[in-house]
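Just below is one structure, and these are the notes that go with it.
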Amino acid sequence: MLVSVATAPNPGRINEDFAVASPETVVLLDGAGLPSSMNTGCTHGVPWFVRTLGASIFKHATERPAALTECLADAIDSTARLHAGTCDLGNPMTPTSTVAITRARGDAFEWLVLADSTVVLSLPDGIDVISDHRVSAVTDRQRADMAKELEHLPESERRTALAYAQRQLMNSAAGYWVAATEAGAAEQSLTGEVSLSRVRAAAVLTDGAVRAVDDFGVMGWPDLMSRLETSGPRGVIDHTRELERSDPQRRRWPRSKCHDDATVVLMQREPEGLLGKQ
């Protein structure tokens with residue numbers, strides 16, 4: 001498939017997204033940003049974590065015929081072993097990341113989504129969207145439960161309190177699943193496949209790139225895919241930034257950050273109609 005990629009950080013901050021792609025395989029990670037005052041127990045930081053984990057996932061997914069959940073589990077395990085000797089991996093604030101993978105293999109187009117990134121497929125009978133909203137569901141519930149406690153705190157302290165509360169439910173049946181240090185989280189991913197011949201186009205996006213649909217509600221998924229196919233990943237990110245800048249006080253669209261890291265990978269059928277040539 002023809003692949004195009006665009007990424008942009010939250011302005012003024014380091015990009016904690018990571019993407020790597022070939023015509024057959026895409027791996028996209030969105031590292032969990034935390035208040036700078038928080039001790040993560042890791043000397044490397046979130047950007048190192050997503051780069052290291054993402055590269056390992058890509059290597060496993062492109063070099064082995066194993067299931068995507070197995071590739072992810074092995075990558076989580078090997079990444080944890082890389083810094084277990086220097087970092088406190090038992091710290092609940094240890095770096096974490098969402099994971100989204102697509103892979104064209106044989107006659108199948110496989111996908112995996114763990115935490116709040118999204119895969120969108122353009123098929124002959126419409127648009128299919130795979131999103132994992134377990135993280136945001138937990139955060140929304142905790143924000144409501146803690147409303148009185150958070151009401152009079154400065155914004156930075158509210159974010160810290162919510163982050164600590166959220167991490168208490170990380171990688172548990174009562175909460176949500178994310179890539180961190182436990183390989184078993186991979187088995188909790190959303191997975192599936194469709195016939196490769198049915199895929200007109202596919203997109204993999206971090207949550208910062210789907211705000212127009214998920215958070216702002218100003219377009220639907222077919223509209224987003226149409227914009228992607230006409231203006232490309234950069235056009236979608238630029239449109240997202242325009243919307244964010246139109247609401248700098250976050251009154252129209254309440255959100256924890258005015259901007260977020262945003263990354264989009266678009267895969268399109270090749271002009272001659274061949275997909276994922278092996």
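Quick note on naming: the chains in the structure tokens go A, B, ... in the order shown, residues restart at 1 in each chain, and ligands are numbered from 1 in order of appearance.
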
Any idea what's packed within 10 Å of Ser37 in chain A, counting only C-alpha atoms, ignoring anything in its chain fewer than 2 positions away? Could you give it as a list of chain:residue names?
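Listed by chain and then number, they are A:Leu34, A:Pro35, A:Asn39, A:Thr40, A:Ser156, A:Glu157, A:Thr160.
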
Kindly export the residues of the current selection with all heavy atoms, as a JSON list (two decimals), in the first residue's frame.
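Result went into part.json, see below:
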[["chain", "number", "residue", "atom", "x", "y", "z"],
["A", 34, "LEU", "N", 2.67, 13.16, 31.31],
["A", 34, "LEU", "CA", 2.38, 13.37, 32.72],
["A", 34, "LEU", "C", 2.89, 14.74, 33.15],
["A", 34, "LEU", "O", 3.81, 15.29, 32.52],
["A", 34, "LEU", "CB", 3.07, 12.29, 33.57],
["A", 34, "LEU", "CG", 2.56, 10.85, 33.40],
["A", 34, "LEU", "CD1", 3.52, 9.88, 34.09],
["A", 34, "LEU", "CD2", 1.16, 10.72, 33.95],
["A", 35, "PRO", "N", 2.33, 15.31, 34.20],
["A", 35, "PRO", "CA", 2.87, 16.57, 34.72],
["A", 35, "PRO", "C", 4.36, 16.44, 35.00],
["A", 35, "PRO", "O", 4.82, 15.40, 35.51],
["A", 35, "PRO", "CB", 2.07, 16.78, 36.02],
["A", 35, "PRO", "CG", 0.78, 16.06, 35.78],
["A", 35, "PRO", "CD", 1.14, 14.85, 34.96],
["A", 39, "ASN", "N", 7.22, 12.00, 39.58],
["A", 39, "ASN", "CA", 8.33, 11.05, 39.53],
["A", 39, "ASN", "C", 7.85, 9.76, 38.87],
["A", 39, "ASN", "O", 6.98, 9.07, 39.41],
["A", 39, "ASN", "CB", 8.84, 10.76, 40.94],
["A", 39, "ASN", "CG", 9.87, 9.65, 40.96],
["A", 39, "ASN", "OD1", 10.55, 9.39, 39.97],
["A", 39, "ASN", "ND2", 9.98, 8.96, 42.10],
["A", 40, "THR", "N", 8.42, 9.42, 37.71],
["A", 40, "THR", "CA", 8.01, 8.22, 36.99],
["A", 40, "THR", "C", 8.84, 7.00, 37.36],
["A", 40, "THR", "O", 8.48, 5.88, 36.99],
["A", 40, "THR", "CB", 8.12, 8.43, 35.48],
["A", 40, "THR", "OG1", 9.50, 8.56, 35.12],
["A", 40, "THR", "CG2", 7.37, 9.68, 35.04],
["A", 156, "SER", "N", -2.81, 22.43, 37.47],
["A", 156, "SER", "CA", -1.68, 21.49, 37.52],
["A", 156, "SER", "C", -1.89, 20.44, 38.60],
["A", 156, "SER", "O", -1.57, 19.27, 38.40],
["A", 156, "SER", "CB", -0.37, 22.24, 37.77],
["A", 156, "SER", "OG", -0.42, 22.93, 39.01],
["A", 157, "GLU", "N", -2.45, 20.85, 39.73],
["A", 157, "GLU", "CA", -2.71, 19.90, 40.81],
["A", 157, "GLU", "C", -3.87, 18.97, 40.48],
["A", 157, "GLU", "O", -3.88, 17.80, 40.89],
["A", 157, "GLU", "CB", -2.97, 20.65, 42.12],
["A", 157, "GLU", "CG", -1.74, 21.40, 42.65],
["A", 157, "GLU", "CD", -2.02, 22.07, 43.99],
["A", 157, "GLU", "OE1", -2.90, 21.59, 44.74],
["A", 157, "GLU", "OE2", -1.36, 23.08, 44.28],
["A", 160, "THR", "N", -2.44, 16.26, 38.29],
["A", 160, "THR", "CA", -1.64, 15.32, 39.08],
["A", 160, "THR", "C", -2.54, 14.36, 39.85],
["A", 160, "THR", "O", -2.31, 13.15, 39.86],
["A", 160, "THR", "CB", -0.72, 16.08, 40.05],
["A", 160, "THR", "OG1", 0.19, 16.89, 39.29],
["A", 160, "THR", "CG2", 0.07, 15.12, 40.92]]

May I have all residues of range 12-161 of chain A that DSSP, computed from the backbone, assigns to strand (DSSP E), given as a VMD selection string?
chain A and resid 17 to 21 25 to 31 97 to 105 108 to 114 118 to 123 126 to 131

Atoms kept (C-alpha atoms) for selection, written as a compact mmCIF listing (two decimals), in the first residue's frame:
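Here's the written file out.txt:
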# COMPACT_ATOMS: atom_id res chain seq x y z
CA ASP A 17 3.93 10.02 19.66
CA PHE A 18 5.92 7.57 17.55
CA ALA A 19 5.13 6.03 14.15
CA VAL A 20 6.98 3.64 11.88
CA ALA A 21 5.57 2.24 8.65
CA THR A 25 2.99 -2.79 8.41
CA VAL A 26 2.19 0.27 10.51
CA VAL A 27 2.98 0.74 14.20
CA LEU A 28 1.74 3.85 16.02
CA LEU A 29 2.26 4.71 19.70
CA ASP A 30 1.01 7.60 21.82
CA GLY A 31 2.97 7.96 25.05
CA SER A 97 1.74 4.08 25.72
CA THR A 98 -1.22 3.30 23.53
CA VAL A 99 -0.51 0.93 20.63
CA ALA A 100 -2.12 0.61 17.21
CA ILE A 101 -0.84 -1.85 14.59
CA THR A 102 -1.98 -2.79 11.10
CA ARG A 103 -0.39 -5.49 8.98
CA ALA A 104 -1.08 -6.79 5.47
CA ARG A 105 -0.15 -10.48 5.46
CA ALA A 108 -5.53 -10.64 5.38
CA PHE A 109 -5.38 -7.10 6.70
CA GLU A 110 -4.86 -7.43 10.47
CA TRP A 111 -5.29 -4.79 13.14
CA LEU A 112 -4.64 -4.34 16.86
CA VAL A 113 -5.63 -1.44 19.11
CA LEU A 114 -4.66 -1.06 22.77
CA THR A 118 -7.83 4.47 16.45
CA VAL A 119 -7.78 2.40 13.26
CA VAL A 120 -10.22 3.41 10.48
CA LEU A 121 -10.89 1.18 7.48
CA SER A 122 -12.51 2.36 4.26
CA LEU A 123 -14.34 -0.69 2.88
CA GLY A 126 -18.65 1.79 4.38
CA ILE A 127 -16.32 2.89 7.17
CA ASP A 128 -15.25 0.60 10.02
CA VAL A 129 -13.77 2.27 13.13
CA ILE A 130 -11.82 0.46 15.83
CA SER A 131 -11.28 2.57 18.96

Which residues, written as number ranges by chain, have at least one atom at most 9 Å from Ala179 in chain A, with only C-alpha atoms counted and residues fewer than 3 positions away on the same chain left out?
A: 53, 72-73, 76, 95-99, 114-115, 171, 182-183, 185-186

Keeping C-alpha atoms, export the residues of the selection given above as a PDB file, in the first residue's frame.
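Output saved as selection_32.pdb:
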ATOM      1  CA  LEU A  53       8.831  -0.127  22.259  1.00  0.00           C
ATOM      2  CA  LEU A  72       3.278  -6.802  21.198  1.00  0.00           C
ATOM      3  CA  ALA A  73       3.741  -8.968  24.298  1.00  0.00           C
ATOM      4  CA  ILE A  76       6.730  -5.066  25.971  1.00  0.00           C
ATOM      5  CA  PRO A  95       6.031   5.370  31.155  1.00  0.00           C
ATOM      6  CA  THR A  96       3.091   3.886  29.250  1.00  0.00           C
ATOM      7  CA  SER A  97       1.740   4.077  25.721  1.00  0.00           C
ATOM      8  CA  THR A  98      -1.222   3.296  23.527  1.00  0.00           C
ATOM      9  CA  VAL A  99      -0.512   0.926  20.628  1.00  0.00           C
ATOM     10  CA  LEU A 114      -4.662  -1.056  22.772  1.00  0.00           C
ATOM     11  CA  ALA A 115      -5.819   2.077  24.628  1.00  0.00           C
ATOM     12  CA  ASN A 171      -3.860  -2.890  33.563  1.00  0.00           C
ATOM     13  CA  GLU A 182       3.292  -6.171  31.794  1.00  0.00           C
ATOM     14  CA  ALA A 183       3.375  -8.323  28.666  1.00  0.00           C
ATOM     15  CA  ALA A 185      -1.701  -6.468  28.685  1.00  0.00           C
ATOM     16  CA  ALA A 186      -1.238  -7.370  25.006  1.00  0.00           C
TER      17      ALA A 186
END

Selection near range 225-241 of chain A, 6 Å with only C-alpha atoms, sequence-local residues under 3 positions removed, as JSON, numbers by chain:
{"A": [6, 222, 244, 264]}

Which neighbours of Ser4 in chain A fall inside 7 Å, counting only C-alpha atoms, when residues of the same chain fewer than 6 positions from it are skipped, and could you give them as a list of chain:residue names?
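Counting only C-alpha atoms, the residues come to A:Val265, A:Leu266, A:Met267.
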
With a distance cut-off of 12 Å and only C-alpha atoms, select the neighbouring residues of Asp140 in chain A, excluding the residue or stretch itself and same-chain residues fewer than 3 positions from it, and output the selection as a list in words.
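That gives His133, Arg134, Val135, Ser136, Ala137, Arg143, Ala144, Asp145, Met146, Ala147, Leu162, Ala163, Ala165, Gln166, Gly175, Arg255 and Ser256 of chain A.
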
How many Å lie between CA of His152 in chain A and CA of Lys257 in chain A, rounded to one decimal?
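CA of Lys257 in chain A lies at a distance of 18.4 Å from CA of His152 in chain A.
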
When you count only C-alpha atoms, which of these residues is closest to Ala212 in chain A: A:Ala262, A:Ala55, A:Met170, A:Met38?
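Among A:Ala262, A:Ala55, A:Met170, A:Met38, it is A:Ala262 that comes nearest to Ala212 in chain A.
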
Please identify which residues in range 17-261 of chain A DSSP calls helix (DSSP H, G or I) from the backbone, and express them as a PyMOL selection string.
chain A and resi 46-63+68-83+134-145+147-150+155-167+183-188+196-198+207-209+211-214+221-245

Find the residues around Asp125 in chain A up to 12 Å (only C-alpha atoms counted), leave out those fewer than 6 positions away in its own chain, and share them as a PyMOL selection string.
chain A and resi 198-200+222

Quick one: of A:Ala174, A:Cys42, A:Ala161, A:Leu243, who's nearest to Val218 in chain A, counting only C-alpha atoms?
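Checking each of A:Ala174, A:Cys42, A:Ala161, A:Leu243 against Val218 in chain A, counting only C-alpha atoms, the winner is A:Leu243.
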
Using only C-alpha atoms, which residue out of A:Thr43, A:Asn10, A:Thr79, A:Thr263 lies closest to Thr181 in chain A?
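Closest candidate: A:Thr79.
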
Proximity to Asp261 in chain A - best of A:Ala209, A:Cys71, A:Met93, A:Leu153, only C-alpha atoms:
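Closest to Asp261 in chain A, using only C-alpha atoms: A:Ala209.
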
If you measure from CA of Ser189 in chain A to CA of Asp132 in chain A, what distance in Å do you get, rounded to one decimal?
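Interatomic distance here is 8.4 Å.
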